[in-house]
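K.L.:
Below is the file protein-v6.cif, which contains mmCIF, C-alpha atoms.
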data_input
loop_
_atom_site.label_atom_id
_atom_site.label_comp_id
_atom_site.auth_asym_id
_atom_site.auth_seq_id
_atom_site.Cartn_x
_atom_site.Cartn_y
_atom_site.Cartn_z
CA MET A 1 114.85 55.83 190.26
CA ILE A 2 114.22 59.26 191.80
CA ASN A 3 114.26 61.78 189.00
CA MET A 4 113.25 65.42 189.46
CA TYR A 5 114.14 67.57 186.48
CA LYS A 6 115.86 70.75 187.64
CA GLY A 7 115.15 72.94 184.63
CA ASN A 8 112.77 73.88 181.89
CA ILE A 9 115.05 73.41 178.88
CA GLU A 10 113.50 72.75 175.50
CA PRO A 11 114.56 69.51 173.74
CA LEU A 12 116.84 69.79 170.73
CA GLU A 13 115.20 69.36 167.34
CA SER A 14 118.12 67.28 166.09
CA ARG A 15 120.05 64.93 168.35
CA ALA A 16 123.38 65.97 169.83
CA TRP A 17 125.41 62.79 169.48
CA LEU A 18 128.26 61.54 171.63
CA SER A 19 130.41 60.99 168.53
CA SER A 20 129.06 60.10 165.10
CA PRO A 21 130.67 59.72 161.65
CA THR A 22 131.57 62.94 159.85
CA MET A 23 131.67 62.37 156.10
CA HIS A 24 133.09 64.72 153.47
CA GLY A 25 132.45 63.29 150.01
CA GLU A 26 135.93 62.18 149.00
CA GLU A 27 135.17 58.82 150.58
CA MET A 28 132.81 58.03 147.71
CA ASP A 29 135.58 58.56 145.15
CA TYR A 30 137.55 55.67 146.62
CA VAL A 31 134.44 53.54 147.12
CA ARG A 32 133.57 54.15 143.46
CA GLN A 33 137.12 53.19 142.52
CA ALA A 34 136.67 49.85 144.31
CA TYR A 35 133.31 49.37 142.64
CA ASP A 36 134.47 50.26 139.12
CA SER A 37 137.57 48.06 139.38
CA ASN A 38 135.47 45.23 140.86
CA TRP A 39 137.86 44.92 143.81
CA MET A 40 135.07 44.57 146.37
CA SER A 41 136.65 41.89 148.54
CA THR A 42 139.63 41.92 150.94
CA VAL A 43 142.31 42.89 148.40
CA GLY A 44 142.75 46.03 146.35
CA GLU A 45 144.47 49.38 145.99
CA ASN A 46 142.56 51.04 148.82
CA ILE A 47 143.82 48.46 151.32
CA ASN A 48 147.40 48.69 150.09
CA GLU A 49 147.46 52.49 150.15
CA LEU A 50 145.77 52.70 153.56
CA GLU A 51 148.20 50.26 155.16
CA ASN A 52 151.18 52.14 153.82
CA SER A 53 149.95 55.66 154.55
CA VAL A 54 148.85 54.99 158.14
CA ALA A 55 152.04 53.08 158.98
CA GLU A 56 154.12 55.95 157.61
CA MET A 57 152.07 58.55 159.47
CA ILE A 58 152.32 56.76 162.82
CA GLY A 59 155.92 55.70 162.38
CA MET A 60 155.60 51.93 162.30
CA LYS A 61 157.08 49.57 159.72
CA GLN A 62 153.83 48.09 158.44
CA GLY A 63 150.09 48.17 159.03
CA VAL A 64 147.57 45.40 158.40
CA CYS A 65 143.96 46.40 157.66
CA LEU A 66 141.44 44.29 159.55
CA SER A 67 137.67 44.10 159.98
CA SER A 68 137.63 45.81 163.39
CA GLY A 69 139.78 47.19 166.13
CA THR A 70 138.95 44.09 168.16
CA ALA A 71 140.27 41.86 165.37
CA ALA A 72 143.42 43.98 165.33
CA LEU A 73 143.82 43.52 169.09
CA HIS A 74 143.35 39.78 168.67
CA MET A 75 146.11 39.63 166.06
CA ALA A 76 148.33 41.74 168.34
CA MET A 77 147.80 39.29 171.20
CA LYS A 78 148.76 36.37 168.98
CA LEU A 79 151.85 38.24 167.82
CA ALA A 80 152.70 38.94 171.47
CA ASP A 81 152.46 35.20 172.13
CA ALA A 82 149.74 35.46 174.77
CA LYS A 83 148.99 31.80 175.43
CA ARG A 84 146.63 29.77 177.58
CA GLY A 85 147.27 30.27 181.28
CA VAL A 86 149.78 33.10 180.82
CA ARG A 87 149.10 36.35 182.69
CA VAL A 88 148.83 39.63 180.78
CA PHE A 89 148.78 43.07 182.41
CA CYS A 90 145.91 45.20 181.05
CA SER A 91 144.55 48.70 181.50
CA ASP A 92 141.56 48.50 183.82
CA LEU A 93 139.65 51.61 182.74
CA THR A 94 138.78 50.76 179.15
CA PHE A 95 136.22 49.18 176.85
CA ALA A 96 135.94 45.39 177.03
CA ALA A 97 137.32 45.04 173.49
CA THR A 98 140.79 45.82 174.88
CA VAL A 99 140.66 42.77 177.13
CA ASN A 100 138.49 40.23 175.31
CA PRO A 101 141.23 39.20 172.83
CA VAL A 102 143.48 38.34 175.78
CA VAL A 103 140.84 35.83 176.82
CA TYR A 104 140.35 34.64 173.22
CA GLU A 105 143.89 33.26 173.44
CA GLY A 106 143.27 31.69 176.85
CA ALA A 107 145.52 34.15 178.68
CA VAL A 108 144.56 35.60 182.07
CA PRO A 109 144.12 39.38 182.45
CA VAL A 110 145.56 41.16 185.47
CA PHE A 111 144.07 44.65 185.66
CA ILE A 112 146.18 47.69 186.45
CA ASP A 113 144.64 50.76 188.07
CA SER A 114 144.84 54.24 186.52
CA GLU A 115 146.59 57.40 187.71
CA LYS A 116 144.73 60.68 188.19
CA ASP A 117 146.77 62.87 185.81
CA THR A 118 145.59 61.28 182.55
CA TRP A 119 143.17 58.52 183.69
CA ASN A 120 145.47 56.00 182.01
CA MET A 121 147.48 53.05 183.38
CA SER A 122 149.44 53.98 186.49
CA PRO A 123 153.21 53.40 186.13
CA GLU A 124 153.42 52.89 189.91
CA ALA A 125 150.67 50.26 189.86
CA LEU A 126 152.34 48.56 186.89
CA GLU A 127 155.66 48.33 188.76
CA LYS A 128 153.81 46.93 191.77
CA ALA A 129 152.18 44.33 189.52
CA PHE A 130 155.61 43.17 188.31
CA GLU A 131 156.68 42.73 191.93
CA LYS A 132 153.75 40.37 192.37
CA TYR A 133 153.98 38.67 188.95
CA PRO A 134 157.59 38.96 187.71
CA ASP A 135 157.07 36.36 184.96
CA VAL A 136 154.57 38.47 182.94
CA LYS A 137 155.79 39.15 179.40
CA THR A 138 153.02 41.30 177.86
CA VAL A 139 151.42 44.63 178.81
CA VAL A 140 148.31 45.99 177.08
CA LEU A 141 147.92 49.73 177.68
CA VAL A 142 145.28 52.19 176.47
CA HIS A 143 145.21 55.90 175.59
CA LEU A 144 141.81 56.61 177.11
CA TYR A 145 139.34 58.89 175.31
CA GLY A 146 142.12 60.16 173.05
CA THR A 147 144.50 61.23 175.85
CA PRO A 148 148.05 59.83 175.71
CA ALA A 149 149.22 57.80 178.67
CA LYS A 150 152.44 58.56 180.58
CA MET A 151 154.56 56.80 178.01
CA ASP A 152 157.97 57.82 179.41
CA GLU A 153 157.25 56.19 182.73
CA LEU A 154 155.28 53.23 181.38
CA MET A 155 157.82 52.33 178.70
CA ALA A 156 160.64 52.61 181.26
CA VAL A 157 158.88 50.03 183.44
CA CYS A 158 158.22 47.78 180.45
CA LYS A 159 161.83 48.07 179.23
CA LYS A 160 163.12 47.27 182.72
CA HIS A 161 161.12 44.04 182.74
CA ASN A 162 161.77 43.23 179.06
CA VAL A 163 158.14 42.82 178.05
CA LYS A 164 156.18 43.26 174.83
CA VAL A 165 153.81 46.21 174.74
CA VAL A 166 150.48 46.12 172.93
CA GLU A 167 149.48 49.77 172.55
CA ASP A 168 145.73 50.23 172.23
CA ALA A 169 145.45 53.54 170.36
CA ALA A 170 141.93 52.78 169.15
CA GLU A 171 140.59 56.01 170.67
CA SER A 172 143.68 58.19 170.20
CA PHE A 173 144.43 58.19 166.45
CA GLY A 174 146.22 61.46 165.72
CA ALA A 175 147.16 62.22 169.34
CA THR A 176 150.85 62.72 170.12
CA TYR A 177 153.22 62.24 173.05
CA ARG A 178 156.50 64.17 172.88
CA GLU A 179 155.61 64.88 169.24
CA LYS A 180 155.39 61.16 168.45
CA GLN A 181 152.10 59.62 167.35
CA THR A 182 150.31 57.34 169.77
CA GLY A 183 150.57 53.89 168.27
CA SER A 184 154.31 54.29 167.64
CA PHE A 185 155.54 53.22 171.09
CA GLY A 186 154.37 49.63 171.37
CA THR A 187 155.86 46.43 170.04
CA TYR A 188 152.45 46.18 168.35
CA SER A 189 149.76 48.82 168.24
CA VAL A 190 146.12 49.04 167.27
CA ILE A 191 143.80 51.74 165.93
CA SER A 192 140.08 51.60 165.26
CA PHE A 193 137.94 52.98 162.43
CA ASN A 194 134.63 52.17 164.11
CA GLY A 195 131.70 54.46 163.33
CA ASN A 196 132.19 56.57 166.45
CA LYS A 197 135.94 57.13 166.07
CA ILE A 198 137.63 60.33 164.94
CA ILE A 199 138.35 58.75 161.54
CA THR A 200 135.86 56.09 160.45
CA GLY A 201 135.21 53.48 157.84
CA SER A 202 131.90 52.57 159.52
CA THR A 203 133.91 49.65 160.87
CA GLY A 204 137.46 48.37 160.58
CA GLY A 205 140.77 48.63 162.35
CA MET A 206 144.48 48.15 161.90
CA VAL A 207 147.32 46.41 163.69
CA LEU A 208 150.73 48.03 163.27
CA THR A 209 154.11 46.48 163.84
CA LYS A 210 157.79 47.38 163.67
CA HIS A 211 158.66 44.15 161.85
CA LEU A 212 157.59 43.02 158.38
CA ASP A 213 157.56 39.35 159.37
CA SER A 214 155.01 40.14 162.11
CA ALA A 215 152.83 41.93 159.56
CA ASP A 216 153.06 38.90 157.28
CA LYS A 217 151.94 36.64 160.14
CA ALA A 218 148.96 38.88 160.91
CA LYS A 219 147.96 38.92 157.23
CA LYS A 220 148.17 35.14 157.06
CA TRP A 221 146.21 34.53 160.27
CA SER A 222 143.53 37.02 159.26
CA THR A 223 142.97 35.31 155.89
CA GLN A 224 142.23 31.84 157.34
CA SER A 225 145.96 30.94 157.62
CA ARG A 226 146.09 29.66 154.08
CA GLU A 227 149.45 28.23 153.07
CA PRO A 228 151.04 29.28 149.74
CA SER A 229 150.06 26.12 147.85
CA ALA A 230 147.91 25.45 144.80
CA TRP A 231 145.08 24.19 146.98
CA TYR A 232 143.67 25.26 150.34
CA GLN A 233 146.31 24.06 152.77
CA HIS A 234 146.17 24.97 156.49
CA LYS A 235 148.71 24.36 159.25
CA GLU A 236 147.45 26.96 161.72
CA LEU A 237 144.13 28.19 163.00
CA GLY A 238 142.90 31.08 160.87
CA TYR A 239 140.38 33.91 161.04
CA ASN A 240 138.24 35.85 158.58
CA TYR A 241 139.50 39.24 159.75
CA ARG A 242 140.67 41.18 156.70
CA MET A 243 139.16 44.59 155.90
CA SER A 244 137.25 44.96 152.65
CA ASN A 245 138.58 47.21 149.90
CA VAL A 246 135.32 49.19 150.12
CA ILE A 247 135.76 49.99 153.82
CA ALA A 248 139.40 50.85 153.18
CA GLY A 249 138.20 53.33 150.56
CA ILE A 250 136.00 55.10 153.11
CA VAL A 251 138.88 55.38 155.58
CA ARG A 252 141.24 56.51 152.83
CA GLY A 253 138.88 59.36 151.99
CA GLN A 254 138.63 60.30 155.66
CA LEU A 255 142.36 60.51 156.39
CA PRO A 256 142.99 64.01 154.95
CA HIS A 257 140.44 65.36 157.45
CA LEU A 258 142.09 64.00 160.61
CA GLN A 259 143.58 67.29 161.81
CA GLU A 260 140.35 69.11 160.93
CA HIS A 261 138.38 66.67 163.10
CA ILE A 262 140.87 67.04 165.96
CA GLU A 263 140.61 70.82 165.86
CA GLN A 264 136.80 70.64 165.92
CA LYS A 265 136.89 68.27 168.90
CA LYS A 266 139.38 70.54 170.66
CA GLN A 267 137.05 73.52 170.29
CA ILE A 268 134.22 71.50 171.85
CA TYR A 269 136.45 70.49 174.79
CA ASN A 270 137.63 74.05 175.38
CA ARG A 271 134.08 75.43 175.19
CA TYR A 272 132.95 72.99 177.88
CA LYS A 273 135.99 73.77 180.02
CA GLU A 274 135.34 77.49 179.87
CA ALA A 275 131.60 77.12 180.49
CA PHE A 276 132.15 74.96 183.59
CA ARG A 277 135.04 76.94 185.11
CA ASP A 278 132.88 78.03 188.08
CA LEU A 279 131.29 74.61 188.66
CA PRO A 280 132.68 71.92 190.99
CA VAL A 281 133.77 69.73 188.06
CA LYS A 282 137.00 68.86 186.22
CA MET A 283 137.39 68.01 182.53
CA ASN A 284 139.38 64.91 181.52
CA PRO A 285 143.02 65.91 182.16
CA PHE A 286 146.18 65.64 180.07
CA ASP A 287 149.83 66.68 180.34
CA ALA A 288 150.02 69.75 178.10
CA LYS A 289 153.82 69.82 178.34
CA LYS A 290 154.27 66.36 176.86
CA SER A 291 151.13 65.44 174.99
CA VAL A 292 148.51 66.64 172.55
CA PRO A 293 145.27 64.62 172.77
CA ASN A 294 142.91 64.16 169.84
CA TYR A 295 140.02 65.27 172.13
CA TRP A 296 137.90 62.33 170.89
CA LEU A 297 135.51 62.59 173.84
CA SER A 298 135.04 65.47 176.25
CA CYS A 299 134.52 64.00 179.71
CA MET A 300 134.26 65.37 183.22
CA THR A 301 134.21 64.34 186.85
CA ILE A 302 132.11 65.92 189.59
CA ASN A 303 133.98 66.96 192.72
CA LYS A 304 133.34 64.60 195.63
CA ASP A 305 131.73 67.23 197.82
CA ALA A 306 129.32 68.16 195.01
CA MET A 307 128.00 64.62 194.51
CA CYS A 308 124.44 63.83 195.50
CA THR A 309 123.59 60.32 196.65
CA GLN A 310 123.87 57.85 193.76
CA VAL A 311 123.53 54.07 193.83
CA ARG A 312 124.28 51.69 190.95
CA THR A 313 123.88 47.94 190.71
CA ASP A 314 125.05 45.89 187.75
CA GLU A 315 121.92 46.81 185.81
CA GLU A 316 120.10 49.69 187.52
CA TYR A 317 120.72 53.02 189.22
CA ALA A 318 119.06 55.52 191.53
CA PHE A 319 119.92 58.96 192.84
CA ILE A 320 118.45 61.51 195.23
CA PRO A 321 118.45 65.05 193.79
CA GLU A 322 119.91 67.64 196.12
CA VAL A 323 120.20 71.41 195.85
CA GLY A 324 123.67 72.43 194.70
CA LYS A 325 124.70 68.85 194.03
CA THR A 326 124.30 66.29 191.26
CA CYS A 327 125.73 62.99 189.96
CA PRO A 328 126.59 61.49 186.57
CA MET A 329 123.33 59.57 186.19
CA GLU A 330 121.22 62.65 186.94
CA ILE A 331 123.07 64.69 184.33
CA LEU A 332 122.80 61.87 181.79
CA ASP A 333 119.06 61.53 182.40
CA HIS A 334 118.58 65.23 181.81
CA LEU A 335 120.72 65.18 178.68
CA LYS A 336 118.57 62.35 177.37
CA ALA A 337 115.47 64.44 178.10
CA ILE A 338 116.67 67.17 175.70
CA ASN A 339 117.70 64.69 172.97
CA ALA A 340 121.43 64.71 173.72
CA GLU A 341 123.59 61.60 174.05
CA GLY A 342 125.97 61.19 176.97
CA ARG A 343 127.50 58.15 178.62
CA PRO A 344 129.04 57.10 181.93
CA LEU A 345 132.79 56.61 181.93
CA TRP A 346 133.85 53.07 181.09
CA LYS A 347 133.04 50.73 183.95
CA PRO A 348 136.41 49.34 185.10
CA MET A 349 137.17 45.84 183.92
CA HIS A 350 137.81 44.54 187.44
CA MET A 351 134.22 45.51 188.33
CA GLN A 352 132.72 43.55 185.42
CA PRO A 353 131.05 40.26 186.39
CA ILE A 354 132.88 38.36 183.65
CA PHE A 355 136.26 39.34 185.13
CA LYS A 356 135.38 39.10 188.83
CA ASP A 357 138.00 36.40 189.45
CA CYS A 358 140.86 38.36 187.85
CA ASP A 359 143.43 40.16 189.96
CA PHE A 360 143.49 43.96 190.18
CA VAL A 361 146.54 45.98 191.20
CA THR A 362 146.41 49.52 192.62
CA ALA A 363 149.29 51.84 193.42
CA GLU A 364 148.11 52.46 196.98
CA GLU A 365 146.01 50.63 199.53
CA CYS A 366 142.98 52.90 199.16
CA LYS A 367 139.93 53.19 196.94
CA ALA A 368 140.94 52.48 193.38
CA VAL A 369 141.34 55.48 191.09
CA ASP A 370 139.24 53.70 188.46
CA GLU A 371 136.36 53.06 190.85
CA ASP A 372 136.34 56.71 191.85
CA LEU A 373 136.41 57.91 188.23
CA PHE A 374 133.53 55.59 187.33
CA GLU A 375 131.53 56.85 190.31
CA ARG A 376 131.99 60.55 189.51
CA GLY A 377 132.58 60.72 185.75
CA LEU A 378 130.65 60.98 182.51
CA CYS A 379 131.19 61.58 178.79
CA LEU A 380 129.50 64.63 177.29
CA PRO A 381 128.17 65.02 173.74
CA SER A 382 131.34 65.47 171.69
CA ASP A 383 130.20 65.19 168.10
CA ASN A 384 132.23 67.49 165.84
CA LYS A 385 129.07 68.38 163.89
CA MET A 386 127.38 69.64 167.05
CA THR A 387 126.43 73.28 166.64
CA LYS A 388 127.29 75.96 169.19
CA GLU A 389 123.57 76.25 169.95
CA GLN A 390 123.36 72.53 170.68
CA GLN A 391 126.39 72.65 172.92
CA ASP A 392 125.03 75.71 174.71
CA ARG A 393 121.87 73.70 175.47
CA VAL A 394 123.98 70.84 176.85
CA ILE A 395 125.92 73.30 178.98
CA GLU A 396 122.64 74.75 180.25
CA VAL A 397 121.47 71.29 181.33
CA VAL A 398 124.69 70.55 183.23
CA ARG A 399 124.55 73.88 185.01
CA ALA A 400 120.88 73.38 185.88
CA CYS A 401 121.72 70.11 187.62
CA PHE A 402 123.78 72.03 190.20
CA ASN A 403 120.96 74.50 190.98
#
Kindly present the structure from the file in structure tokens form.

P.N.:
Amino acid sequence: MINMYKGNIEPLESRAWLSSPTMHGEEMDYVRQAYDSNWMSTVGENINELENSVAEMIGMKQGVCLSSGTAALHMAMKLADAKRGVRVFCSDLTFAATVNPVVYEGAVPVFIDSEKDTWNMSPEALEKAFEKYPDVKTVVLVHLYGTPAKMDELMAVCKKHNVKVVEDAAESFGATYREKQTGSFGTYSVISFNGNKIITGSTGGMVLTKHLDSADKAKKWSTQSREPSAWYQHKELGYNYRMSNVIAGIVRGQLPHLQEHIEQKKQIYNRYKEAFRDLPVKMNPFDAKKSVPNYWLSCMTINKDAMCTQVRTDEEYAFIPEVGKTCPMEILDHLKAINAEGRPLWKPMHMQPIFKDCDFVTAEECKAVDEDLFERGLCLPSDNKMTKEQQDRVIEVVRACFN
């Protein structure tokens, strides 16, 4: 790797994280409640209250607390009846956890390219995919980095083809589209409470549904599919997926701070946007007329004509520094050098070796939007505890890379 540092910027004394847990103290009250009542397992008041409060907030009938967002996606895929050999349309630009549960059930992912306005699933590419595979009955769509997808257009396509929608709102908890919470549009939806999310339990997730019988099925499957008999009776395959009452207590104590966290993340995003206004870059976009993101991660792309030469294999990368130009890996290397955490954009699923044999549908016969975003994009430190001084240092590094 060719790496010539373009500045003389002092490292940060404390690390500027991409996105780390922000705790407030109330969480311990609910953890203590679980401890004192001895409800330390997968039942208890914290779980009950969390399921009810989040479902009410999002606008779904019932929520089911699970051990992770991935477990929640798995339960959603079972509820959507994704079976062996059946094709499922999936967002291409996402984390692998969105897609892995499709494969858990033996279904076959077909990846749908993104559109440029929000970096989310392209409605045009989705319609094109239905022309090719009219028998598909399930669509899994993502609200990337906390930015709502084009739900009017996407839901119109899904309604036209009478399909079930699994809405992956793992990254977008608290974001809204037309004043409705993300996670309220799908037949089933999922949120995550992983340690890096805007509200955290250190781990955990939730599947939400519009039907109580679906919630009951998810609860049964996630507790080893035990039948209601005096002994351990099983008719279906089960899973050990339920959230603990302790984790639920942490999340319960976090919930009142959701809007506070969103506002802090918004300030970080706006500060980057203002600081880079004269650079050949663009921040992750959203439709301000229809949506309010939760600003989970502040990301940016470098304009094509400002990219230096960058090469990436599956495991390694190299770049050639050039005056006035840079690339994501150069910026990330320099952020690392000052003790700041950044990350490339998600590598598209159709480019992953494990999914190399899966089909990929684009809206136009040109370079995929997702491939272009991956080539030119990166995630900046977005931790809501990051000080202005830390962010100023990050901004200084990015600017130095263009000099």

K.L.:
Can you tell me which residues surround Lys137 of chain A at a distance of at most 10 Å, considering all atoms listed in the file, apart from same-chain residues fewer than 6 positions away, and format the answer as an MDAnalysis selection string?

P.N.:
chainID A and resid 80:82 86:89 130 158 161:165

K.L.:
Have a look at atom CA of Lys150 of chain A and atom CA of Phe95 of chain A and let me know their distance in Å, one decimal.

P.N.:
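That distance, rounded to one decimal, is 19.1 Å.
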
K.L.:
Name the residues that the PyMOL selection byres ((chain A and resi 279) around 12) pulls out of this structure, and write them as a list in words.

P.N.:
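So the PyMOL selection byres ((chain A and resi 279) around 12) ends up selecting Tyr272, Lys273, Glu274, Ala275, Phe276, Arg277, Asp278, Pro280, Val281, Lys282, Met283, Met300, Thr301, Ile302, Asn303, Asp305, Ala306, Gly324, Lys325, Thr326, Ile395, Val398, Arg399, Ala400, Cys401, Phe402 and Asn403 of chain A.
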
K.L.:
A:Gln254, A:Gln233, A:Gln62, A:Thr94: which is nearest Gly201 of chain A, counting only C-alpha atoms?

P.N.:
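For Gly201 of chain A, the nearest of the candidates is A:Gln254.
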
K.L.:
If I take atom CA of Trp296 of chain A and atom CA of Tyr177 of chain A, how far is one from the other in Å, to one decimal?

P.N.:
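Result for atom CA of Trp296 of chain A versus atom CA of Tyr177 of chain A: 15.5 Å, one decimal.
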
K.L.:
Can you sort out segment 83-106 of chain A so it carries N, CA and C atoms, written as a short mmCIF file (atom, residue, chain, number, x, y, z; two decimals), keeping the file's coordinate frame?

P.N.:
data_model
loop_
_atom_site.label_atom_id
_atom_site.label_comp_id
_atom_site.auth_asym_id
_atom_site.auth_seq_id
_atom_site.Cartn_x
_atom_site.Cartn_y
_atom_site.Cartn_z
N LYS A 83 149.46 33.18 175.53
CA LYS A 83 148.99 31.80 175.43
C LYS A 83 148.14 31.42 176.64
N ARG A 84 147.52 30.25 176.53
CA ARG A 84 146.63 29.77 177.58
C ARG A 84 147.36 29.70 178.92
N GLY A 85 146.73 30.32 179.93
CA GLY A 85 147.27 30.27 181.28
C GLY A 85 148.29 31.34 181.61
N VAL A 86 148.77 32.06 180.60
CA VAL A 86 149.78 33.10 180.82
C VAL A 86 149.10 34.39 181.27
N ARG A 87 149.66 35.08 182.23
CA ARG A 87 149.10 36.35 182.69
C ARG A 87 149.52 37.49 181.76
N VAL A 88 148.59 38.43 181.58
CA VAL A 88 148.83 39.63 180.78
C VAL A 88 148.35 40.83 181.57
N PHE A 89 149.19 41.84 181.72
CA PHE A 89 148.78 43.07 182.41
C PHE A 89 147.98 43.95 181.45
N CYS A 90 146.82 44.44 181.91
CA CYS A 90 145.91 45.20 181.05
C CYS A 90 145.42 46.45 181.74
N SER A 91 145.23 47.51 180.97
CA SER A 91 144.55 48.70 181.50
C SER A 91 143.19 48.30 182.02
N ASP A 92 142.83 48.85 183.17
CA ASP A 92 141.56 48.50 183.82
C ASP A 92 140.42 49.39 183.35
N LEU A 93 140.69 50.67 183.16
CA LEU A 93 139.65 51.61 182.74
C LEU A 93 139.66 51.68 181.21
N THR A 94 138.81 50.87 180.60
CA THR A 94 138.78 50.76 179.15
C THR A 94 137.50 50.05 178.72
N PHE A 95 137.31 49.96 177.42
CA PHE A 95 136.22 49.18 176.85
C PHE A 95 136.63 47.71 176.83
N ALA A 96 135.65 46.83 176.93
CA ALA A 96 135.94 45.39 177.03
C ALA A 96 136.71 44.86 175.84
N ALA A 97 136.61 45.52 174.68
CA ALA A 97 137.32 45.04 173.49
C ALA A 97 138.83 45.02 173.69
N THR A 98 139.35 45.84 174.59
CA THR A 98 140.79 45.82 174.88
C THR A 98 141.19 44.49 175.49
N VAL A 99 140.32 43.93 176.31
CA VAL A 99 140.66 42.77 177.13
C VAL A 99 140.18 41.45 176.52
N ASN A 100 139.06 41.48 175.83
CA ASN A 100 138.49 40.23 175.31
C ASN A 100 139.49 39.41 174.49
N PRO A 101 140.29 40.01 173.60
CA PRO A 101 141.23 39.20 172.83
C PRO A 101 142.28 38.50 173.68
N VAL A 102 142.59 39.05 174.86
CA VAL A 102 143.48 38.34 175.78
C VAL A 102 142.86 37.00 176.15
N VAL A 103 141.55 37.04 176.42
CA VAL A 103 140.84 35.83 176.82
C VAL A 103 140.63 34.91 175.63
N TYR A 104 140.47 35.48 174.42
CA TYR A 104 140.35 34.64 173.22
C TYR A 104 141.51 33.63 173.16
N GLU A 105 142.70 34.10 173.53
CA GLU A 105 143.89 33.26 173.44
C GLU A 105 144.10 32.41 174.70
N GLY A 106 143.16 32.51 175.64
CA GLY A 106 143.27 31.69 176.85
C GLY A 106 144.15 32.29 177.93
#
